[in-house]
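Source file target38.cif; content: mmCIF, C-alpha atoms, pLDDT in the B column; chains and numbers go by the auth columns.
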data_upload
loop_
_atom_site.group_PDB
_atom_site.id
_atom_site.type_symbol
_atom_site.label_atom_id
_atom_site.label_comp_id
_atom_site.label_asym_id
_atom_site.label_seq_id
_atom_site.Cartn_x
_atom_site.Cartn_y
_atom_site.Cartn_z
_atom_site.B_iso_or_equiv
_atom_site.auth_seq_id
_atom_site.auth_asym_id
ATOM 1 C CA MET A 1 0.000 0.000 0.000 97.00 1 A
ATOM 2 C CA LEU A 2 1.191 3.496 -0.810 98.00 2 A
ATOM 3 C CA THR A 3 0.252 6.172 1.712 98.00 3 A
ATOM 4 C CA ILE A 4 0.748 9.636 0.278 98.00 4 A
ATOM 5 C CA ASP A 5 -0.324 13.076 1.459 98.00 5 A
ATOM 6 C CA GLN A 6 -2.658 15.219 -0.609 98.00 6 A
ATOM 7 C CA ALA A 7 -0.083 17.958 -1.365 98.00 7 A
ATOM 8 C CA THR A 8 2.434 15.442 -2.719 98.00 8 A
ATOM 9 C CA TYR A 9 -0.265 13.708 -4.754 98.00 9 A
ATOM 10 C CA ASP A 10 -1.352 17.054 -6.199 98.00 10 A
ATOM 11 C CA ALA A 11 2.240 18.016 -7.040 98.00 11 A
ATOM 12 C CA ILE A 12 2.743 14.810 -9.052 98.00 12 A
ATOM 13 C CA VAL A 13 -0.544 15.292 -10.916 98.00 13 A
ATOM 14 C CA ARG A 14 0.284 18.960 -11.658 97.00 14 A
ATOM 15 C CA HIS A 15 3.676 17.957 -13.046 98.00 15 A
ATOM 16 C CA ALA A 16 2.141 15.283 -15.273 97.00 16 A
ATOM 17 C CA LYS A 17 -0.477 17.708 -16.626 97.00 17 A
ATOM 18 C CA ARG A 18 2.065 20.457 -17.225 97.00 18 A
ATOM 19 C CA ASP A 19 4.422 18.233 -19.245 96.00 19 A
ATOM 20 C CA HIS A 20 1.684 16.560 -21.280 96.00 20 A
ATOM 21 C CA PRO A 21 1.999 15.442 -24.124 95.00 21 A
ATOM 22 C CA ASP A 22 5.547 14.512 -23.084 94.00 22 A
ATOM 23 C CA GLU A 23 6.027 12.020 -20.287 94.00 23 A
ATOM 24 C CA ALA A 24 6.803 13.635 -16.927 96.00 24 A
ATOM 25 C CA CYS A 25 9.051 11.890 -14.413 96.00 25 A
ATOM 26 C CA GLY A 26 10.410 12.378 -10.941 97.00 26 A
ATOM 27 C CA ILE A 27 10.752 10.897 -7.506 98.00 27 A
ATOM 28 C CA VAL A 28 9.509 11.447 -4.005 98.00 28 A
ATOM 29 C CA ALA A 29 12.346 10.986 -1.553 98.00 29 A
ATOM 30 C CA GLY A 30 11.946 10.019 2.073 97.00 30 A
ATOM 31 C CA PRO A 31 14.103 8.937 5.003 97.00 31 A
ATOM 32 C CA GLU A 32 15.736 5.543 4.393 94.00 32 A
ATOM 33 C CA GLY A 33 13.540 2.685 5.537 94.00 33 A
ATOM 34 C CA SER A 34 10.646 4.980 6.515 96.00 34 A
ATOM 35 C CA ASP A 35 8.340 4.353 3.518 97.00 35 A
ATOM 36 C CA ARG A 36 7.370 8.052 3.842 97.00 36 A
ATOM 37 C CA PRO A 37 7.220 9.947 0.542 98.00 37 A
ATOM 38 C CA GLU A 38 8.133 13.443 1.761 98.00 38 A
ATOM 39 C CA ARG A 39 10.089 15.417 -0.804 98.00 39 A
ATOM 40 C CA VAL A 40 8.997 15.697 -4.441 98.00 40 A
ATOM 41 C CA VAL A 41 11.845 16.098 -6.899 98.00 41 A
ATOM 42 C CA GLU A 42 10.735 16.819 -10.451 97.00 42 A
ATOM 43 C CA MET A 43 13.230 15.517 -12.957 97.00 43 A
ATOM 44 C CA VAL A 44 13.837 16.591 -16.531 94.00 44 A
ATOM 45 C CA ASN A 45 12.815 13.951 -19.022 95.00 45 A
ATOM 46 C CA ALA A 46 16.074 13.767 -20.974 95.00 46 A
ATOM 47 C CA ALA A 47 14.231 11.836 -23.673 93.00 47 A
ATOM 48 C CA GLY A 48 11.697 14.699 -24.081 91.00 48 A
ATOM 49 C CA SER A 49 9.292 12.207 -25.568 92.00 49 A
ATOM 50 C CA PRO A 50 5.605 11.277 -25.446 91.00 50 A
ATOM 51 C CA THR A 51 6.552 7.593 -25.325 92.00 51 A
ATOM 52 C CA PHE A 52 9.769 7.394 -23.307 93.00 52 A
ATOM 53 C CA TYR A 53 11.352 8.895 -20.224 94.00 53 A
ATOM 54 C CA GLU A 54 14.842 8.844 -18.846 96.00 54 A
ATOM 55 C CA PHE A 55 16.384 10.891 -16.058 96.00 55 A
ATOM 56 C CA ASP A 56 19.320 12.950 -17.317 95.00 56 A
ATOM 57 C CA SER A 57 22.473 11.111 -16.171 94.00 57 A
ATOM 58 C CA THR A 58 24.119 14.152 -14.555 95.00 58 A
ATOM 59 C CA GLU A 59 20.913 15.088 -12.734 96.00 59 A
ATOM 60 C CA LEU A 60 20.517 11.473 -11.653 97.00 60 A
ATOM 61 C CA LEU A 61 23.931 11.497 -9.974 97.00 61 A
ATOM 62 C CA GLU A 62 23.222 14.860 -8.299 97.00 62 A
ATOM 63 C CA LEU A 63 19.907 13.502 -7.025 97.00 63 A
ATOM 64 C CA TYR A 64 21.437 10.351 -5.535 96.00 64 A
ATOM 65 C CA LYS A 65 24.331 12.235 -3.936 95.00 65 A
ATOM 66 C CA GLN A 66 21.819 14.581 -2.341 96.00 66 A
ATOM 67 C CA MET A 67 19.784 11.633 -1.063 96.00 67 A
ATOM 68 C CA TRP A 68 22.887 9.872 0.318 93.00 68 A
ATOM 69 C CA ASP A 69 23.870 13.060 2.163 94.00 69 A
ATOM 70 C CA ARG A 70 20.411 13.257 3.696 96.00 70 A
ATOM 71 C CA ASP A 71 20.038 9.503 4.378 95.00 71 A
ATOM 72 C CA GLU A 72 17.123 9.381 1.987 96.00 72 A
ATOM 73 C CA GLU A 73 15.986 6.935 -0.641 95.00 73 A
ATOM 74 C CA PRO A 74 13.545 7.109 -3.548 97.00 74 A
ATOM 75 C CA VAL A 75 10.281 6.089 -1.868 98.00 75 A
ATOM 76 C CA VAL A 76 8.229 6.835 -4.984 98.00 76 A
ATOM 77 C CA ILE A 77 9.393 6.865 -8.599 98.00 77 A
ATOM 78 C CA TYR A 78 6.709 8.387 -10.790 98.00 78 A
ATOM 79 C CA HIS A 79 6.124 8.973 -14.455 97.00 79 A
ATOM 80 C CA SER A 80 3.202 9.692 -16.697 96.00 80 A
ATOM 81 C CA HIS A 81 1.719 7.913 -19.646 96.00 81 A
ATOM 82 C CA THR A 82 0.151 10.406 -22.008 95.00 82 A
ATOM 83 C CA ALA A 83 -1.775 8.183 -24.392 95.00 83 A
ATOM 84 C CA THR A 84 -2.131 4.875 -22.591 95.00 84 A
ATOM 85 C CA GLU A 85 -3.405 3.553 -19.283 95.00 85 A
ATOM 86 C CA ALA A 86 -1.563 3.994 -15.999 96.00 86 A
ATOM 87 C CA TYR A 87 -0.059 0.513 -16.078 97.00 87 A
ATOM 88 C CA PRO A 88 3.665 -0.316 -16.381 97.00 88 A
ATOM 89 C CA SER A 89 4.709 -1.063 -19.941 96.00 89 A
ATOM 90 C CA ARG A 90 7.124 -3.842 -20.838 95.00 90 A
ATOM 91 C CA THR A 91 9.863 -1.220 -21.038 95.00 91 A
ATOM 92 C CA ASP A 92 8.925 0.122 -17.590 96.00 92 A
ATOM 93 C CA ILE A 93 9.109 -3.368 -16.150 97.00 93 A
ATOM 94 C CA GLY A 94 12.361 -4.286 -17.876 95.00 94 A
ATOM 95 C CA LEU A 95 14.101 -1.129 -16.670 95.00 95 A
ATOM 96 C CA ALA A 96 12.697 -0.928 -13.142 96.00 96 A
ATOM 97 C CA SER A 97 15.752 -0.956 -10.889 94.00 97 A
ATOM 98 C CA GLU A 98 14.569 0.138 -7.452 94.00 98 A
ATOM 99 C CA PRO A 99 12.933 -2.939 -5.893 92.00 99 A
ATOM 100 C CA GLY A 100 12.119 -0.980 -2.726 94.00 100 A
ATOM 101 C CA ALA A 101 10.271 1.861 -4.467 97.00 101 A
ATOM 102 C CA HIS A 102 6.615 2.430 -5.192 98.00 102 A
ATOM 103 C CA TYR A 103 6.298 2.933 -8.939 98.00 103 A
ATOM 104 C CA VAL A 104 3.536 5.480 -9.517 98.00 104 A
ATOM 105 C CA LEU A 105 1.954 5.806 -12.941 98.00 105 A
ATOM 106 C CA VAL A 106 -0.255 8.760 -13.848 97.00 106 A
ATOM 107 C CA SER A 107 -2.191 8.732 -17.094 97.00 107 A
ATOM 108 C CA THR A 108 -3.048 12.087 -18.622 96.00 108 A
ATOM 109 C CA ARG A 109 -4.644 10.536 -21.704 95.00 109 A
ATOM 110 C CA GLU A 110 -8.126 11.754 -20.847 93.00 110 A
ATOM 111 C CA HIS A 111 -7.719 15.458 -20.054 93.00 111 A
ATOM 112 C CA GLY A 112 -4.138 16.263 -21.113 93.00 112 A
ATOM 113 C CA ASN A 113 -3.048 19.668 -19.804 93.00 113 A
ATOM 114 C CA ASN A 114 -6.551 20.520 -18.630 92.00 114 A
ATOM 115 C CA GLU A 115 -8.401 20.192 -15.366 90.00 115 A
ATOM 116 C CA GLY A 116 -10.037 16.860 -14.734 91.00 116 A
ATOM 117 C CA PRO A 117 -9.365 13.565 -13.061 93.00 117 A
ATOM 118 C CA VAL A 118 -6.358 11.404 -13.900 95.00 118 A
ATOM 119 C CA GLU A 119 -5.610 7.752 -13.347 97.00 119 A
ATOM 120 C CA PHE A 120 -3.127 7.528 -10.456 98.00 120 A
ATOM 121 C CA ARG A 121 -1.949 4.020 -9.675 98.00 121 A
ATOM 122 C CA SER A 122 0.953 2.460 -7.803 98.00 122 A
ATOM 123 C CA TYR A 123 2.942 -0.745 -8.252 98.00 123 A
ATOM 124 C CA ARG A 124 5.817 -2.730 -6.899 98.00 124 A
ATOM 125 C CA ILE A 125 8.103 -3.982 -9.640 97.00 125 A
ATOM 126 C CA VAL A 126 10.525 -6.659 -8.453 95.00 126 A
ATOM 127 C CA ASP A 127 12.453 -9.036 -10.722 92.00 127 A
ATOM 128 C CA GLY A 128 10.111 -8.301 -13.604 94.00 128 A
ATOM 129 C CA GLU A 129 7.011 -8.999 -11.547 96.00 129 A
ATOM 130 C CA VAL A 130 4.377 -6.277 -11.210 97.00 130 A
ATOM 131 C CA THR A 131 2.075 -6.058 -8.205 98.00 131 A
ATOM 132 C CA GLU A 132 -0.486 -3.290 -8.066 98.00 132 A
ATOM 133 C CA GLU A 133 -1.095 -1.813 -4.633 98.00 133 A
ATOM 134 C CA GLU A 134 -3.710 0.381 -3.033 98.00 134 A
ATOM 135 C CA VAL A 135 -3.105 4.151 -2.964 98.00 135 A
ATOM 136 C CA VAL A 136 -4.300 5.906 0.169 98.00 136 A
ATOM 137 C CA VAL A 137 -4.301 9.698 0.025 98.00 137 A
ATOM 138 C CA VAL A 138 -4.270 11.327 3.451 97.00 138 A
ATOM 139 C CA PRO A 139 -4.495 15.033 4.411 97.00 139 A
ATOM 140 C CA ALA A 140 -1.021 14.752 5.974 96.00 140 A
ATOM 141 C CA LEU A 141 1.379 11.917 6.742 95.00 141 A
ATOM 142 C CA PRO A 142 1.204 10.856 10.403 89.00 142 A
ATOM 143 C CA GLY A 143 3.883 12.360 12.654 81.00 143 A
ATOM 144 C CA ALA A 144 7.287 10.707 12.299 62.00 144 A
ATOM 145 C CA MET B 1 45.002 2.793 -1.678 58.00 145 B
ATOM 146 C CA ALA B 2 42.198 1.585 -3.782 91.00 146 B
ATOM 147 C CA ILE B 3 39.199 2.766 -5.720 97.00 147 B
ATOM 148 C CA GLU B 4 35.912 3.111 -3.904 97.00 148 B
ATOM 149 C CA VAL B 5 32.933 1.848 -5.838 98.00 149 B
ATOM 150 C CA ARG B 6 29.418 2.860 -4.806 97.00 150 B
ATOM 151 C CA ILE B 7 26.979 -0.005 -5.425 96.00 151 B
ATOM 152 C CA PRO B 8 23.274 0.625 -6.128 95.00 152 B
ATOM 153 C CA THR B 9 20.604 -1.184 -4.114 92.00 153 B
ATOM 154 C CA ILE B 10 19.725 -3.572 -6.918 93.00 154 B
ATOM 155 C CA LEU B 11 23.310 -4.884 -7.196 96.00 155 B
ATOM 156 C CA ARG B 12 23.959 -5.272 -3.473 95.00 156 B
ATOM 157 C CA THR B 13 22.965 -8.931 -3.693 95.00 157 B
ATOM 158 C CA TYR B 14 26.455 -9.358 -5.201 97.00 158 B
ATOM 159 C CA THR B 15 28.223 -7.455 -2.436 97.00 159 B
ATOM 160 C CA ASP B 16 26.589 -9.036 0.633 97.00 160 B
ATOM 161 C CA GLY B 17 24.525 -5.905 1.049 95.00 161 B
ATOM 162 C CA GLU B 18 27.519 -3.563 1.103 96.00 162 B
ATOM 163 C CA LYS B 19 26.789 -0.064 -0.232 94.00 163 B
ATOM 164 C CA ALA B 20 30.387 0.492 -1.247 96.00 164 B
ATOM 165 C CA VAL B 21 33.263 -1.849 -2.013 97.00 165 B
ATOM 166 C CA ALA B 22 36.931 -1.356 -2.838 97.00 166 B
ATOM 167 C CA GLY B 23 38.447 -2.364 -6.140 97.00 167 B
ATOM 168 C CA GLU B 24 41.564 -1.954 -8.207 96.00 168 B
ATOM 169 C CA GLY B 25 42.400 -1.310 -11.816 97.00 169 B
ATOM 170 C CA ALA B 26 44.010 1.203 -14.137 97.00 170 B
ATOM 171 C CA SER B 27 40.903 1.400 -16.321 97.00 171 B
ATOM 172 C CA LEU B 28 37.194 0.940 -15.777 98.00 172 B
ATOM 173 C CA SER B 29 37.388 -2.336 -17.659 97.00 173 B
ATOM 174 C CA ALA B 30 40.139 -3.628 -15.322 97.00 174 B
ATOM 175 C CA LEU B 31 38.205 -2.415 -12.286 98.00 175 B
ATOM 176 C CA ILE B 32 35.105 -4.335 -13.375 98.00 176 B
ATOM 177 C CA ASP B 33 37.188 -7.497 -13.832 98.00 177 B
ATOM 178 C CA ASP B 34 38.571 -6.989 -10.328 98.00 178 B
ATOM 179 C CA LEU B 35 35.046 -6.536 -8.944 98.00 179 B
ATOM 180 C CA GLU B 36 33.935 -9.693 -10.719 98.00 180 B
ATOM 181 C CA ALA B 37 36.757 -11.661 -9.050 97.00 181 B
ATOM 182 C CA ASN B 38 35.458 -10.675 -5.609 97.00 182 B
ATOM 183 C CA HIS B 39 31.742 -10.402 -6.393 98.00 183 B
ATOM 184 C CA PRO B 40 30.968 -13.009 -9.053 98.00 184 B
ATOM 185 C CA GLY B 41 28.044 -12.144 -11.291 97.00 185 B
ATOM 186 C CA ILE B 42 28.321 -8.392 -11.040 98.00 186 B
ATOM 187 C CA LYS B 43 30.133 -7.978 -14.362 98.00 187 B
ATOM 188 C CA ASP B 44 27.230 -9.355 -16.326 97.00 188 B
ATOM 189 C CA ARG B 45 24.971 -6.715 -14.794 96.00 189 B
ATOM 190 C CA LEU B 46 27.279 -3.941 -15.968 97.00 190 B
ATOM 191 C CA ILE B 47 28.475 -5.179 -19.337 97.00 191 B
ATOM 192 C CA ASP B 48 26.663 -6.647 -22.299 95.00 192 B
ATOM 193 C CA ASN B 49 28.429 -7.753 -25.469 93.00 193 B
ATOM 194 C CA GLY B 50 31.663 -6.139 -24.407 94.00 194 B
ATOM 195 C CA ASP B 51 30.207 -2.711 -23.755 95.00 195 B
ATOM 196 C CA LEU B 52 28.617 -0.924 -20.832 96.00 196 B
ATOM 197 C CA ARG B 53 24.934 -1.678 -20.621 96.00 197 B
ATOM 198 C CA ARG B 54 22.808 1.087 -22.099 94.00 198 B
ATOM 199 C CA PHE B 55 20.790 1.594 -18.923 95.00 199 B
ATOM 200 C CA VAL B 56 23.612 1.477 -16.411 96.00 200 B
ATOM 201 C CA ASN B 57 25.360 4.749 -15.610 97.00 201 B
ATOM 202 C CA VAL B 58 28.906 4.713 -14.267 98.00 202 B
ATOM 203 C CA TYR B 59 30.619 7.842 -13.011 98.00 203 B
ATOM 204 C CA ILE B 60 34.278 8.429 -12.182 98.00 204 B
ATOM 205 C CA ASN B 61 34.709 11.407 -9.848 97.00 205 B
ATOM 206 C CA ASP B 62 31.237 12.636 -10.889 97.00 206 B
ATOM 207 C CA GLU B 63 31.924 12.359 -14.646 97.00 207 B
ATOM 208 C CA ASP B 64 29.713 10.062 -16.692 97.00 208 B
ATOM 209 C CA VAL B 65 32.212 7.588 -18.178 97.00 209 B
ATOM 210 C CA ARG B 66 30.445 7.762 -21.527 95.00 210 B
ATOM 211 C CA PHE B 67 32.119 11.145 -21.983 95.00 211 B
ATOM 212 C CA ILE B 68 35.597 10.066 -20.834 96.00 212 B
ATOM 213 C CA GLY B 69 36.302 6.871 -22.720 96.00 213 B
ATOM 214 C CA GLY B 70 33.712 4.386 -21.525 96.00 214 B
ATOM 215 C CA LEU B 71 35.287 1.111 -20.427 97.00 215 B
ATOM 216 C CA GLU B 72 38.716 2.471 -21.338 97.00 216 B
ATOM 217 C CA ALA B 73 38.362 5.434 -18.964 97.00 217 B
ATOM 218 C CA GLN B 74 41.490 5.736 -16.836 97.00 218 B
ATOM 219 C CA LEU B 75 41.481 5.289 -13.076 97.00 219 B
ATOM 220 C CA SER B 76 43.903 6.275 -10.336 95.00 220 B
ATOM 221 C CA ASP B 77 44.155 5.334 -6.687 94.00 221 B
ATOM 222 C CA GLY B 78 41.675 7.301 -4.643 95.00 222 B
ATOM 223 C CA ASP B 79 39.192 7.779 -7.480 97.00 223 B
ATOM 224 C CA GLN B 80 35.537 7.387 -6.655 97.00 224 B
ATOM 225 C CA VAL B 81 33.319 5.323 -8.885 98.00 225 B
ATOM 226 C CA VAL B 82 29.526 5.397 -8.679 98.00 226 B
ATOM 227 C CA VAL B 83 27.253 2.891 -10.399 98.00 227 B
ATOM 228 C CA LEU B 84 23.621 3.948 -10.863 97.00 228 B
ATOM 229 C CA PRO B 85 20.990 2.203 -12.938 95.00 229 B
ATOM 230 C CA ALA B 86 19.193 4.579 -15.273 95.00 230 B
ATOM 231 C CA VAL B 87 15.734 5.609 -14.176 96.00 231 B
ATOM 232 C CA ALA B 88 13.847 5.162 -17.403 96.00 232 B
ATOM 233 C CA GLY B 89 10.862 3.597 -19.070 94.00 233 B
ATOM 234 C CA GLY B 90 8.220 4.249 -21.639 85.00 234 B
ATOM 235 C CA CYS B 91 4.772 3.352 -22.727 74.00 235 B
#
Write the structure described by the file as structure tokens, please.
Amino acid sequence: MLTIDQATYDAIVRHAKRDHPDEACGIVAGPEGSDRPERVVEMVNAAGSPTFYEFDSTELLELYKQMWDRDEEPVVIYHSHTATEAYPSRTDIGLASEPGAHYVLVSTREHGNNEGPVEFRSYRIVDGEVTEEEVVVVPALPGA
Amino acid sequence: MAIEVRIPTILRTYTDGEKAVAGEGASLSALIDDLEANHPGIKDRLIDNGDLRRFVNVYINDEDVRFIGGLEAQLSDGDQVVVLPAVAGGC
């Protein structure tokens, strides 16, 4: 189960809508081992594509060094699908490399850049196996 | 002295859970062979058909090795190597 606060949820959805029709991507970092998605980091999609995303390699290193310094890990790794459902593609599954992360998929296919609901779903992807999990949006994460 | 290599979560099964290991080698290619000797199986996760895997990023002192010679990139004692899988996908 992914427990996420409303502000973080909204930030991910805003990012996905803003970058539509390109795929948006980013992470939500949190203290190591806490399973608390606390800090949204929007990443540039180096692929700049409606069908592919890839974190820029220099930005990726900066991001991880920052997380190591702060004893954080990527609790959520998110990206958007802009023309298909919010389900991991074969490419997503093949390239998933953080077995501890919640992989969040947002589909903007219905309303694009405009207001309106999106599909927001979360998965675990471990050794090529996808398990969907419940998403619980709370007003605020419980006190640490 | 040796070369410190930062290991990503997904490859720590090869390093008994260690986040960083020490290795030796005058080039990235030699370093990976040295890692393989101590952590069998890791080389295959980094190299495919004699080249670095497309979705594995390796940095020497914060420089992406793709811009400094790839597997032939030179190493010196005290260098820091970071291995990070690409974060990528697509519909």
Residues at most 6 Å from range 55-66 of chain A, counting all atoms listed in the file, excluding those fewer than 6 positions away in the same chain, as a list of chain:residue names? A:Asn45, A:Ala46, B:Val231
Within 12 Å of chain A, which residues of chain B show up when using only C-alpha atoms, listed as a PyMOL selection string? chain B and resi 150-157+163+189+197-211+225-235
With 5 Å of padding per side, what axis-aligned box (centre and edge lengths, Å, one decimal) covers all the listed atoms of range 103-108 of chain A? Give it as AutoDock Vina command-line options.
--center_x 1.6 --center_y 7.5 --center_z -13.8 --size_x 19.3 --size_y 19.2 --size_z 19.7
Just checking: using only C-alpha atoms, which residue out of B:Ile186, B:Val149, B:Ile191, B:Leu215 ends up closest to Ser173 in chain B? B:Leu215
CA of Ala29 in chain A to CA of Leu190 in chain B measures 25.6 Å
I'd like the residues picked by the PyMOL selection byres ((chain B and resi 168) around 10) written out as a PDB file with C-alpha atoms, in the coordinates of the input, using the chain letters and numbers from the file.
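To be explicit, this is the file written out as part.pdb:
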ATOM      1  CA  MET B 145      45.002   2.793  -1.678  1.00 58.00           C
ATOM      2  CA  ALA B 146      42.198   1.585  -3.782  1.00 91.00           C
ATOM      3  CA  ILE B 147      39.199   2.766  -5.720  1.00 97.00           C
ATOM      4  CA  GLU B 148      35.912   3.111  -3.904  1.00 97.00           C
ATOM      5  CA  VAL B 149      32.933   1.848  -5.838  1.00 98.00           C
ATOM      6  CA  ALA B 166      36.931  -1.356  -2.838  1.00 97.00           C
ATOM      7  CA  GLY B 167      38.447  -2.364  -6.140  1.00 97.00           C
ATOM      8  CA  GLY B 169      42.400  -1.310 -11.816  1.00 97.00           C
ATOM      9  CA  ALA B 170      44.010   1.203 -14.137  1.00 97.00           C
ATOM     10  CA  SER B 171      40.903   1.400 -16.321  1.00 97.00           C
ATOM     11  CA  LEU B 172      37.194   0.940 -15.777  1.00 98.00           C
ATOM     12  CA  ALA B 174      40.139  -3.628 -15.322  1.00 97.00           C
ATOM     13  CA  LEU B 175      38.205  -2.415 -12.286  1.00 98.00           C
ATOM     14  CA  ILE B 176      35.105  -4.335 -13.375  1.00 98.00           C
ATOM     15  CA  ASP B 177      37.188  -7.497 -13.832  1.00 98.00           C
ATOM     16  CA  ASP B 178      38.571  -6.989 -10.328  1.00 98.00           C
ATOM     17  CA  LEU B 179      35.046  -6.536  -8.944  1.00 98.00           C
ATOM     18  CA  LEU B 219      41.481   5.289 -13.076  1.00 97.00           C
ATOM     19  CA  SER B 220      43.903   6.275 -10.336  1.00 95.00           C
ATOM     20  CA  ASP B 221      44.155   5.334  -6.687  1.00 94.00           C
ATOM     21  CA  GLY B 222      41.675   7.301  -4.643  1.00 95.00           C
TER      22      GLY B 222
END
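In terms of minimum interatomic distance to Asp188 in chain B, B:Tyr158 ranks closest within B:Ile212, B:Tyr158, B:Gln218, B:Asp223, counting all atoms listed in the file.
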Could you list, as a ChimeraX atom specification, every residue within 12 Å of range 136-142 of chain A, counting all atoms listed in the file and ignoring same-chain residues fewer than 4 positions away? /A:1-10,30,34-38,120-122
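Distance-wise, CA of Glu42 in chain A and CA of Ala11 in chain A end up 9.2 Å apart.
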From CA of Ile125 in chain A to CA of Val76 in chain A the spacing works out at 11.8 Å
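Nearest residue to Glu115 in chain A among A:Val28, A:Val135, A:Ala16, A:Val41 is A:Ala16, counting all atoms listed in the file.
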